[in-house]
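Asks: This is the structure I want to talk about, given as structure tokens.
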Amino acid sequence: MCCVNFVAGGRSRYFSGMHCPFCRFPDSRVVDTRTSDDGAVVRRRRECPNCKRRFTTLETAALVVVKRSGAMEPFSREKVIDGVRKASSGRPVTADQLALLAQQVEESIRANGGSMITTDEVGKAILEPLRKLDEVAYLRFASVYSNFDSLDDFEKLIYQLKADQGQNLPHD
């Protein structure tokens, strides 16, 4: 298990749980810390107090997806992209737009603060950005995600989309 390194009063405390890759000493001292552009990865330069050699670690917060079967796997932007790519097949959606959507989905999931998320929550996080990107792809994705059984299910969703856009709707 990974522990967090705290810097207090200009001094860095030792980090437990990280062995030196050279001498296997169980502690290290953080010399420098930098975050990636999107803030998802923290790069730390470390020094072993035993052998005095330096090494770099890349740290990310683990995000685990719990599948319906109970199996767990790491969150994958690629899986989000693959699912949305299928829904947007034949639509004017670019690879860059899919990558941005996957990033938005991951950011919204991480903003909730949990380290474990269900596939249902991932699907819900995909819906709104996909709706803004392409409504036809949104309908396709929602129909699979929500297990549509009939044309009535499509009708209700289309009716809701039109209502949200302020379009005039026929009265029953």
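Starting from 1 in every chain, residues are counted up; chains themselves are A, B, ... following the order of the structure tokens, and ligands are numbered from 1 as listed.
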What lies within 7 Å of Glu73 in chain A using only C-alpha atoms, ignoring chain neighbours under 3 positions off, as a ChimeraX atom specification?

Replies: /A:64-66

Asks: Just write the chosen residues, N, CA, C and O atoms, as a JSON list (two decimals), in the first residue's frame.

Replies:
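Output file result19.json follows:
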[["chain", "number", "residue", "atom", "x", "y", "z"],
["A", 64, "VAL", "N", -10.68, 2.24, -9.43],
["A", 64, "VAL", "CA", -11.07, 0.87, -9.73],
["A", 64, "VAL", "C", -12.53, 0.83, -10.11],
["A", 64, "VAL", "O", -13.38, 1.44, -9.45],
["A", 65, "VAL", "N", -12.84, 0.11, -11.19],
["A", 65, "VAL", "CA", -14.21, -0.06, -11.65],
["A", 65, "VAL", "C", -14.70, -1.43, -11.19],
["A", 65, "VAL", "O", -14.04, -2.45, -11.43],
["A", 66, "VAL", "N", -15.86, -1.44, -10.52],
["A", 66, "VAL", "CA", -16.47, -2.69, -10.08],
["A", 66, "VAL", "C", -17.53, -3.06, -11.10],
["A", 66, "VAL", "O", -18.50, -2.33, -11.31]]

Asks: Just list as a ChimeraX atom specification whatever in chain A DSSP marks as strand (DSSP E or B).

Replies: /A:7-8,11-12,15-16,27-35,42-47,54-59,64-66,72-74,116-118

Asks: Any idea what's packed within 9 Å of Ala125 in chain A, counting only C-alpha atoms, ignoring anything in its chain fewer than 2 positions away? Could you give it as a list in words?

Replies: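 Final neighbour list, sorted by chain and number: Gln104, Val105, Glu106, Ser108, Ile109, Asp120, Glu121, Val122, Gly123, Leu127, Glu128 and Pro129 of chain A.
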
Asks: Do a neighbour search on Pro74 in chain A at 12 Å with only C-alpha atoms, toss out local chain neighbours closer than 6 positions, and write the hits as a list of chain:residue names.

Replies: A:Thr60, A:Ala61, A:Ala62, A:Leu63, A:Val64, A:Val65, A:Val66, A:Lys67, A:Glu106, A:Ser115, A:Met116, A:Ile117, A:Thr118, A:Thr119

Asks: Run DSSP on the backbone and tell me which residues of range 20-169 of chain A come out as alpha helix (DSSP H); list them as a PyMOL selection string.

Replies: chain A and resi 77-87+95-111+119-133+135-145+151-164

Asks: With only C-alpha atoms as the counted atoms, please give the residues lying no more than 10 Å from Val41 in chain A, apart from itself and same-chain residues fewer than 6 positions off, as a list in words.

Replies: Arg34, Thr35, Thr57, Leu58, Glu59, Thr60 and Ala61 of chain A
